[in-house]
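Engineer: Input upload-v3.cif, format and content: mmCIF, C-alpha atoms and all ligand atoms.
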data_coords
loop_
_atom_site.label_atom_id
_atom_site.label_comp_id
_atom_site.auth_asym_id
_atom_site.auth_seq_id
_atom_site.Cartn_x
_atom_site.Cartn_y
_atom_site.Cartn_z
CA MET A 10 11.12 -62.17 17.86
CA PRO A 11 8.06 -60.62 16.23
CA GLY A 12 8.04 -56.80 16.01
CA MET A 13 11.76 -56.38 16.77
CA PRO A 14 12.42 -52.65 16.20
CA THR A 15 16.21 -52.99 15.73
CA LYS A 16 16.05 -53.75 12.00
CA ARG A 17 13.42 -51.14 11.12
CA GLY A 18 14.83 -48.32 13.25
CA PRO A 19 17.53 -46.85 11.00
CA ARG A 20 15.59 -47.02 7.71
CA PRO A 21 13.44 -43.85 8.02
CA MET A 22 16.54 -41.90 9.11
CA LEU A 23 18.46 -43.19 6.12
CA LEU A 24 15.60 -42.21 3.82
CA VAL A 25 15.46 -38.68 5.26
CA ALA A 26 19.24 -38.33 4.88
CA LEU A 27 19.07 -39.47 1.25
CA VAL A 28 16.21 -37.07 0.43
CA VAL A 29 18.07 -34.15 2.03
CA ALA A 30 21.29 -35.04 0.19
CA ALA A 31 19.45 -35.31 -3.14
CA ALA A 32 17.73 -31.97 -2.54
CA LEU A 33 21.05 -30.29 -1.72
CA VAL A 34 22.75 -31.71 -4.80
CA SER A 35 19.91 -30.87 -7.19
CA CYS A 36 19.35 -27.33 -5.87
CA ALA A 37 20.82 -24.51 -7.89
CA ARG A 38 23.54 -22.70 -6.01
CA PRO A 39 21.88 -19.80 -4.15
CA ALA A 40 22.76 -16.40 -5.56
CA ALA A 41 24.30 -15.30 -2.25
CA LEU A 42 26.91 -18.07 -2.59
CA ASN A 43 27.59 -17.31 -6.25
CA PRO A 44 29.53 -14.03 -5.96
CA GLN A 45 30.06 -11.95 -9.11
CA GLY A 46 31.92 -9.10 -7.44
CA PRO A 47 34.37 -8.49 -4.59
CA GLY A 48 31.65 -7.34 -2.14
CA ALA A 49 29.72 -10.60 -2.28
CA ALA A 50 32.94 -12.65 -2.53
CA ARG A 51 34.08 -11.49 0.92
CA ILE A 52 30.75 -12.41 2.45
CA THR A 53 30.74 -15.80 0.71
CA ASP A 54 34.22 -16.50 2.11
CA LEU A 55 32.99 -15.59 5.59
CA TRP A 56 29.91 -17.79 5.12
CA TRP A 57 32.02 -20.82 4.15
CA ALA A 58 34.45 -20.23 7.03
CA MET A 59 31.50 -20.23 9.45
CA PHE A 60 29.94 -23.24 7.73
CA TRP A 61 33.07 -25.41 7.98
CA LEU A 62 33.86 -24.31 11.54
CA ALA A 63 30.31 -25.13 12.59
CA THR A 64 30.48 -28.47 10.78
CA VAL A 65 33.71 -29.50 12.53
CA ILE A 66 32.35 -28.40 15.92
CA TYR A 67 29.05 -30.22 15.32
CA ILE A 68 30.82 -33.44 14.39
CA GLY A 69 33.08 -33.10 17.45
CA VAL A 70 30.16 -32.57 19.82
CA MET A 71 28.23 -35.47 18.30
CA GLY A 72 31.36 -37.62 18.70
CA PHE A 73 31.59 -36.79 22.41
CA ILE A 74 27.91 -37.54 22.85
CA ALA A 75 28.42 -40.92 21.17
CA VAL A 76 31.40 -41.64 23.44
CA ALA A 77 29.35 -40.72 26.51
CA LEU A 78 26.46 -42.91 25.40
CA PHE A 79 28.42 -46.00 24.52
CA ARG A 80 31.27 -45.86 27.06
CA ARG A 81 31.59 -48.76 29.45
CA ARG A 82 30.47 -47.92 32.96
CA GLY A 83 33.79 -48.47 34.68
CA ALA A 84 35.77 -46.10 32.40
CA ASN A 85 35.25 -42.83 34.31
CA PRO A 86 38.21 -40.43 33.78
CA GLY A 87 37.91 -39.01 37.31
CA PRO A 88 37.23 -35.45 38.55
CA VAL A 89 40.60 -33.84 37.59
CA ALA A 90 40.56 -34.94 33.95
CA GLY A 91 36.89 -33.94 33.78
CA ARG A 92 37.65 -30.40 35.01
CA ARG A 93 40.48 -29.99 32.48
CA PHE A 94 38.16 -31.08 29.72
CA ILE A 95 35.55 -28.52 30.77
CA VAL A 96 38.11 -25.69 30.89
CA ALA A 97 39.62 -26.61 27.50
CA GLY A 98 36.41 -27.56 25.68
CA GLY A 99 34.00 -25.20 27.43
CA ILE A 100 36.06 -22.01 27.83
CA ILE A 101 39.29 -21.98 25.81
CA LEU A 102 38.03 -23.58 22.58
CA PRO A 103 34.84 -21.46 22.29
CA SER A 104 36.85 -18.30 23.06
CA VAL A 105 39.33 -19.11 20.28
CA VAL A 106 36.56 -19.93 17.80
CA LEU A 107 34.56 -16.78 18.60
CA LEU A 108 37.68 -14.60 18.45
CA LEU A 109 38.58 -16.07 15.06
CA LEU A 110 35.07 -15.39 13.70
CA PHE A 111 35.14 -11.88 15.17
CA VAL A 112 38.41 -11.09 13.37
CA LEU A 113 37.12 -12.56 10.09
CA THR A 114 33.91 -10.51 10.40
CA LEU A 115 35.81 -7.30 11.14
CA ARG A 116 37.99 -7.89 8.08
CA ALA A 117 34.94 -8.38 5.85
CA LEU A 118 33.28 -5.27 7.32
CA ASP A 119 36.39 -3.14 6.87
CA ALA A 120 36.78 -4.19 3.24
CA SER A 121 33.19 -3.16 2.49
CA ALA A 122 33.52 0.26 4.12
CA THR A 123 35.77 2.36 1.90
CA ARG A 124 37.46 2.16 -1.44
CA GLU A 125 38.86 4.65 -3.93
CA THR A 126 36.05 5.10 -6.48
CA ALA A 127 35.62 7.08 -9.70
CA PHE A 128 32.06 8.23 -9.04
CA THR A 129 29.08 8.04 -6.73
CA VAL A 130 25.52 6.78 -7.02
CA GLN A 131 23.00 7.92 -4.40
CA VAL A 132 20.21 5.46 -3.66
CA THR A 133 17.20 6.56 -1.62
CA GLY A 134 14.72 4.01 -0.33
CA ARG A 135 11.04 4.94 -0.51
CA GLN A 136 7.81 3.06 0.09
CA PHE A 137 8.12 1.03 -2.14
CA TRP A 138 10.72 1.84 -4.76
CA TRP A 139 14.30 3.01 -5.19
CA GLU A 140 15.36 6.47 -6.32
CA VAL A 141 18.76 6.28 -8.02
CA LYS A 142 20.65 9.54 -8.46
CA TYR A 143 23.86 10.17 -10.40
CA PRO A 144 24.87 13.46 -8.73
CA THR A 145 27.91 14.31 -10.87
CA SER A 146 26.01 13.56 -14.09
CA GLY A 147 22.88 15.39 -12.95
CA PHE A 148 20.11 12.90 -13.61
CA VAL A 149 17.80 10.64 -11.61
CA THR A 150 16.33 7.26 -12.44
CA ALA A 151 14.47 4.56 -10.53
CA ASN A 152 14.77 0.89 -9.67
CA GLU A 153 17.87 0.39 -11.85
CA ILE A 154 21.49 0.96 -10.88
CA HIS A 155 23.71 1.08 -13.96
CA ILE A 156 27.44 0.68 -13.35
CA PRO A 157 30.52 0.17 -15.51
CA VAL A 158 31.83 -3.38 -15.23
CA GLY A 159 35.07 -4.01 -13.30
CA GLN A 160 35.08 -0.63 -11.52
CA PRO A 161 34.21 0.12 -7.89
CA VAL A 162 31.33 2.60 -7.56
CA ARG A 163 30.60 4.46 -4.34
CA LEU A 164 27.07 3.95 -3.04
CA GLU A 165 25.46 6.49 -0.70
CA LEU A 166 22.37 4.98 0.88
CA ALA A 167 19.59 6.95 2.54
CA SER A 168 15.87 6.68 3.17
CA GLU A 169 13.00 9.11 2.75
CA ASP A 170 10.51 7.36 5.05
CA VAL A 171 11.22 4.11 6.97
CA VAL A 172 14.20 1.76 7.25
CA HIS A 173 14.84 -0.21 4.06
CA ASN A 174 17.72 -2.53 3.25
CA LEU A 175 19.54 -2.85 -0.05
CA TRP A 176 20.73 -6.33 -1.01
CA VAL A 177 22.24 -7.57 -4.27
CA PRO A 178 23.00 -11.22 -3.39
CA GLU A 179 25.53 -11.74 -6.20
CA LEU A 180 27.30 -8.39 -5.70
CA LEU A 181 26.81 -6.88 -2.27
CA GLY A 182 25.80 -7.79 1.26
CA LYS A 183 22.87 -6.16 3.05
CA PHE A 184 23.06 -2.45 3.89
CA ASP A 185 20.44 -0.51 5.82
CA LEU A 186 18.92 2.67 4.41
CA ILE A 187 18.04 4.75 7.46
CA PRO A 188 16.06 8.02 7.57
CA GLY A 189 18.30 10.95 8.52
CA LYS A 190 21.54 9.03 7.99
CA THR A 191 23.69 8.19 4.97
CA ASN A 192 25.41 4.82 4.87
CA VAL A 193 28.31 4.49 2.47
CA THR A 194 29.67 1.41 0.75
CA TRP A 195 30.82 0.48 -2.74
CA ILE A 196 29.70 -1.96 -5.39
CA GLN A 197 31.52 -3.68 -8.21
CA ALA A 198 30.60 -6.32 -10.78
CA ASP A 199 33.38 -8.39 -12.32
CA GLN A 200 31.29 -9.57 -15.29
CA PRO A 201 28.75 -7.69 -17.42
CA GLY A 202 25.21 -8.70 -16.60
CA GLU A 203 21.98 -7.90 -14.79
CA TYR A 204 21.92 -8.68 -11.09
CA MET A 205 18.70 -8.85 -9.11
CA GLY A 206 18.42 -6.67 -6.03
CA LEU A 207 15.77 -6.46 -3.35
CA CYS A 208 14.71 -4.78 -0.14
CA ALA A 209 15.79 -6.97 2.77
CA GLU A 210 14.16 -5.12 5.66
CA TYR A 211 10.41 -5.24 6.19
CA CYS A 212 9.22 -1.72 5.34
CA GLY A 213 5.47 -2.02 4.88
CA ILE A 214 2.77 -3.79 2.93
CA GLN A 215 4.64 -3.87 -0.41
CA HIS A 216 8.10 -4.70 0.96
CA ALA A 217 8.16 -7.83 -1.22
CA LYS A 218 7.57 -5.77 -4.38
CA MET A 219 10.50 -3.46 -3.78
CA ARG A 220 12.97 -4.83 -6.24
CA PHE A 221 15.60 -3.37 -8.50
CA VAL A 222 18.29 -4.48 -10.90
CA VAL A 223 21.98 -3.69 -11.11
CA ILE A 224 23.06 -3.49 -14.74
CA ALA A 225 26.80 -3.80 -15.33
CA VAL A 226 28.02 -2.95 -18.83
CA PRO A 227 31.40 -2.18 -20.45
CA PRO A 228 32.61 1.39 -19.70
CA GLU A 229 31.93 2.72 -23.25
CA GLN A 230 28.36 1.43 -23.12
CA PHE A 231 27.94 2.92 -19.64
CA ALA A 232 29.16 6.32 -20.89
CA ALA A 233 26.64 6.15 -23.76
CA TRP A 234 23.84 5.26 -21.33
CA GLN A 235 24.77 8.21 -19.09
CA GLU A 236 24.76 10.55 -22.08
CA GLY A 237 21.26 9.33 -23.01
CA GLN A 238 19.96 9.73 -19.45
CA ARG A 239 21.33 13.26 -19.27
CA GLN A 240 19.11 14.38 -22.14
CA PRO A 241 15.71 15.87 -21.31
CA ALA A 242 12.62 14.29 -22.85
CA ALA A 243 12.15 15.34 -26.48
CA ALA A 244 9.24 17.76 -26.89
CA PRO A 245 6.33 15.96 -28.58
CA THR A 246 5.49 17.17 -32.08
CA ASP A 247 2.77 14.96 -33.56
CA PRO A 248 -0.84 15.47 -32.37
CA LEU A 249 -1.21 12.14 -30.54
CA LEU A 250 1.90 12.71 -28.42
CA LEU A 251 0.91 16.33 -27.77
CA ARG A 252 -2.45 15.12 -26.57
CA GLY A 253 -0.69 12.51 -24.39
CA GLN A 254 1.38 15.23 -22.78
CA GLN A 255 -1.77 17.29 -22.14
CA VAL A 256 -3.43 14.26 -20.54
CA PHE A 257 -0.33 13.80 -18.36
CA LEU A 258 -0.58 17.40 -17.18
CA ALA A 259 -4.38 17.42 -16.81
CA ALA A 260 -4.41 14.21 -14.77
CA ASP A 261 -1.96 15.81 -12.31
CA CYS A 262 0.66 13.08 -12.86
CA GLY A 263 3.17 15.92 -12.45
CA THR A 264 2.21 16.31 -8.80
CA CYS A 265 4.51 13.37 -8.05
CA HIS A 266 6.45 12.60 -11.24
CA THR A 267 9.17 14.59 -12.97
CA ILE A 268 9.70 14.61 -16.72
CA ALA A 269 12.80 16.66 -17.49
CA GLY A 270 11.99 19.17 -20.24
CA THR A 271 8.38 19.81 -19.17
CA ASN A 272 8.80 22.32 -16.31
CA ILE A 273 7.70 19.68 -13.82
CA ALA A 274 10.09 19.05 -10.97
CA GLU A 275 8.58 17.11 -8.12
CA ARG A 276 10.05 14.00 -6.66
CA ALA A 277 7.50 12.04 -4.62
CA GLY A 278 7.28 9.37 -7.31
CA PRO A 279 9.84 7.99 -9.78
CA ASP A 280 11.32 10.36 -12.37
CA LEU A 281 9.73 9.43 -15.71
CA THR A 282 12.08 11.24 -18.11
CA HIS A 283 13.34 7.90 -19.49
CA LEU A 284 10.54 5.63 -18.30
CA ALA A 285 10.36 3.66 -21.56
CA SER A 286 14.01 2.59 -21.24
CA ARG A 287 13.43 0.80 -17.93
CA ARG A 288 12.93 -2.95 -17.52
CA THR A 289 10.03 -3.00 -15.09
CA LEU A 290 7.07 -1.07 -13.66
CA GLY A 291 6.27 -0.72 -9.96
CA ALA A 292 9.82 -1.58 -8.78
CA GLY A 293 10.02 -5.03 -10.33
CA SER A 294 6.26 -5.74 -10.10
CA LEU A 295 5.67 -6.08 -13.87
CA PRO A 296 7.65 -6.16 -17.11
CA ASN A 297 7.52 -2.72 -18.72
CA ASN A 298 5.21 -3.09 -21.73
CA ARG A 299 2.15 -1.31 -23.06
CA GLY A 300 -0.50 -3.59 -21.53
CA ASN A 301 1.09 -3.53 -18.10
CA LEU A 302 1.61 0.23 -18.28
CA ALA A 303 -2.09 0.71 -19.11
CA GLY A 304 -3.12 -1.50 -16.17
CA TRP A 305 -0.73 0.31 -13.89
CA LEU A 306 -2.00 3.79 -14.90
CA LEU A 307 -5.67 2.90 -14.49
CA ASN A 308 -5.47 0.96 -11.25
CA PRO A 309 -2.03 0.63 -9.65
CA GLN A 310 -3.67 -0.42 -6.37
CA SER A 311 -4.91 -3.68 -7.91
CA ILE A 312 -1.33 -4.56 -8.89
CA LYS A 313 0.50 -3.32 -5.82
CA PRO A 314 -2.00 -2.56 -3.02
CA GLY A 315 -0.80 0.11 -0.63
CA ASN A 316 1.60 1.86 -3.00
CA LYS A 317 1.27 5.64 -3.08
CA MET A 318 -0.03 6.03 -6.64
CA PRO A 319 -3.77 6.72 -6.91
CA PRO A 320 -5.89 5.29 -9.75
CA THR A 321 -6.47 7.52 -12.78
CA ALA A 322 -9.81 7.61 -14.59
CA LEU A 323 -9.16 8.07 -18.32
CA SER A 324 -11.24 7.74 -21.46
CA GLY A 325 -10.02 5.16 -23.95
CA GLU A 326 -8.65 7.83 -26.28
CA ASP A 327 -6.91 9.73 -23.51
CA LEU A 328 -5.36 6.48 -22.27
CA GLN A 329 -4.03 5.63 -25.74
CA ALA A 330 -2.57 9.12 -26.13
CA LEU A 331 -0.95 8.98 -22.67
CA LEU A 332 0.50 5.53 -23.38
CA ALA A 333 1.91 6.73 -26.71
CA TYR A 334 3.48 9.74 -24.96
CA LEU A 335 4.97 7.69 -22.11
CA GLU A 336 6.31 5.04 -24.49
CA ARG A 337 8.31 7.71 -26.28
CA LEU A 338 10.19 8.62 -23.08
CA GLU A 339 13.20 6.47 -23.92
CU1 LIG B 1 11.78 -1.39 1.48
CU2 LIG B 1 11.40 -3.49 2.48
#
For the structure just supplied, provide its representation as C-alpha cells.
Ligand code: CUA
Structural biologist:
Amino acid sequence: MPGMPTKRGPRPMLLVALVVAAALVSCARPAALNPQGPGAARITDLWWAMFWLATVIYIGVMGFIAVALFRRRGANPGPVAGRRFIVAGGIILPSVVLLLLFVLTLRALDASATRETAFTVQVTGRQFWWEVKYPTSGFVTANEIHIPVGQPVRLELASEDVVHNLWVPELLGKFDLIPGKTNVTWIQADQPGEYMGLCAEYCGIQHAKMRFVVIAVPPEQFAAWQEGQRQPAAAPTDPLLLRGQQVFLAADCGTCHTIAGTNIAERAGPDLTHLASRRTLGAGSLPNNRGNLAGWLLNPQSIKPGNKMPPTALSGEDLQALLAYLERLE
C-alpha cells in the first residue's frame, strides 16, 4: 500500500537513539563523576546507586506498560491478583527503594560531616569572591585553597553577605555558606593537582564569575607555601616601587585591600599581600598577568559588572608604577 507508515515509523527513533548514544560515548566524563578525593567519591557512589536503581525501575515499568499494551484481551488476571500487584508494586517496592536510598544518603552525609583533621581552613563567601583564612598560620588569601595532598583538612564555611555554595566537583559535594552560621566539613585530595571550584548557589549578578581553585601539593611543598604566605610584603626600595606604593595609598586602594607590612588592615576586598603569586584576577575571571591587571585596575566594572571594586583613574606613569609594585607582591 502506498504511504504505509509501518516501515518508516521506527527509523527516526533509531536515529535519535544512535545520536544520544554517540554523544554519551564521546563526552568526557563529567568532573562530578571523576572523584579525586574521598568526599567526591562518596557522592559518586551514591549517584551511581541512584542511577542503576532508577534504570532498573524504568525498564521494569516500561516492561509492564508493554505487557499491558500487547496483552490479549481475554487474559485478565482478575481483581484479587490485581490488588496484590498494586500493594506489592505500588506500596511495598517503592517503600523499600526509598528506604534504601535514604540510608545510603544518610551514610554519605555522615561521612562528610566530621573527621579527625590536622588543621583548619576558614572560607568566607563574599559577593563575588572567596576569602580563605589559615587561622593557625595567621594569614589570609583569596580564591585559592592550598592543601597538602592525602590529608583531610577541616573546612569552616561562612558568608559575609548572602548565601553562597562551595562546590569542588572532583573533591567535594556542595556546601552552603550561610550568613550568621558556620558549616563544617572536610576536604581531601588523593593526587596532587589543581581542582576547579565554583559557587553553586545564585548569589547575585556575578555568581558565574565566583570561581576558585583547590591546589593540592606534597606536604613539604605545602609547608614551604605556608611559610611564604606568612611573610609580610617586602618594603619597596627602588624608586619605581616606592612610587607604586604611594599610588596605592593615594588611590585609596587600602580602603578595601590589606597588604601585610604596610599598616593597612581592612578586609572588604581580597588581601593583596601575595597577589602576584595567585593564578587569577577577579575570582577566576582572568589569568593573572600584567595586561589583565592593568585592565582590572582601570575599569573592573567592564570585566565583571556589579563587583564592588570602583574604577581607578590613573596617569600612564602612575599605572606603570602601581603595576610594578603589585607584581612584586609574590
Ligand atoms: Cu556566590 Cu553564587
Engineer: Using only C-alpha atoms and all ligand atoms, pick whichever of A:Cys212, A:Val193, A:Val112, A:Ala167 has the shortest atom-to-atom distance to ligand LIG 1 (chain B).
Structural biologist: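 Residue with the minimum atom-to-atom distance to ligand LIG 1 (chain B): A:Cys212.
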Engineer: State, in Å with one decimal place, the distance from CA of Gln197 (chain A) to CA of Leu164 (chain A).
Structural biologist: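 Going from CA of Gln197 (chain A) over to CA of Leu164 (chain A), I get 10.2 Å.
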Engineer: Using all atoms listed in the file, pick whichever of A:Ala233, A:Ile196, A:Leu290, A:Leu181 has the shortest atom-to-atom distance to Asn43 (chain A).
Structural biologist: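 The shortest atom-to-atom distance to Asn43 (chain A) comes from A:Leu181.
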Engineer: Show me which residues line ligand LIG 1 (chain B), defined as having an atom within 10 Å of a ligand atom where all atoms listed in the file count, and present them as a PyMOL selection string.
Structural biologist: chain A and resi 134-139+168+170-175+185-186+207-220
Engineer: Using CA of Leu331 (chain A) and CA of Ala260 (chain A) as the two end points, give the distance in Å to one decimal.
Structural biologist: 10.1 Å
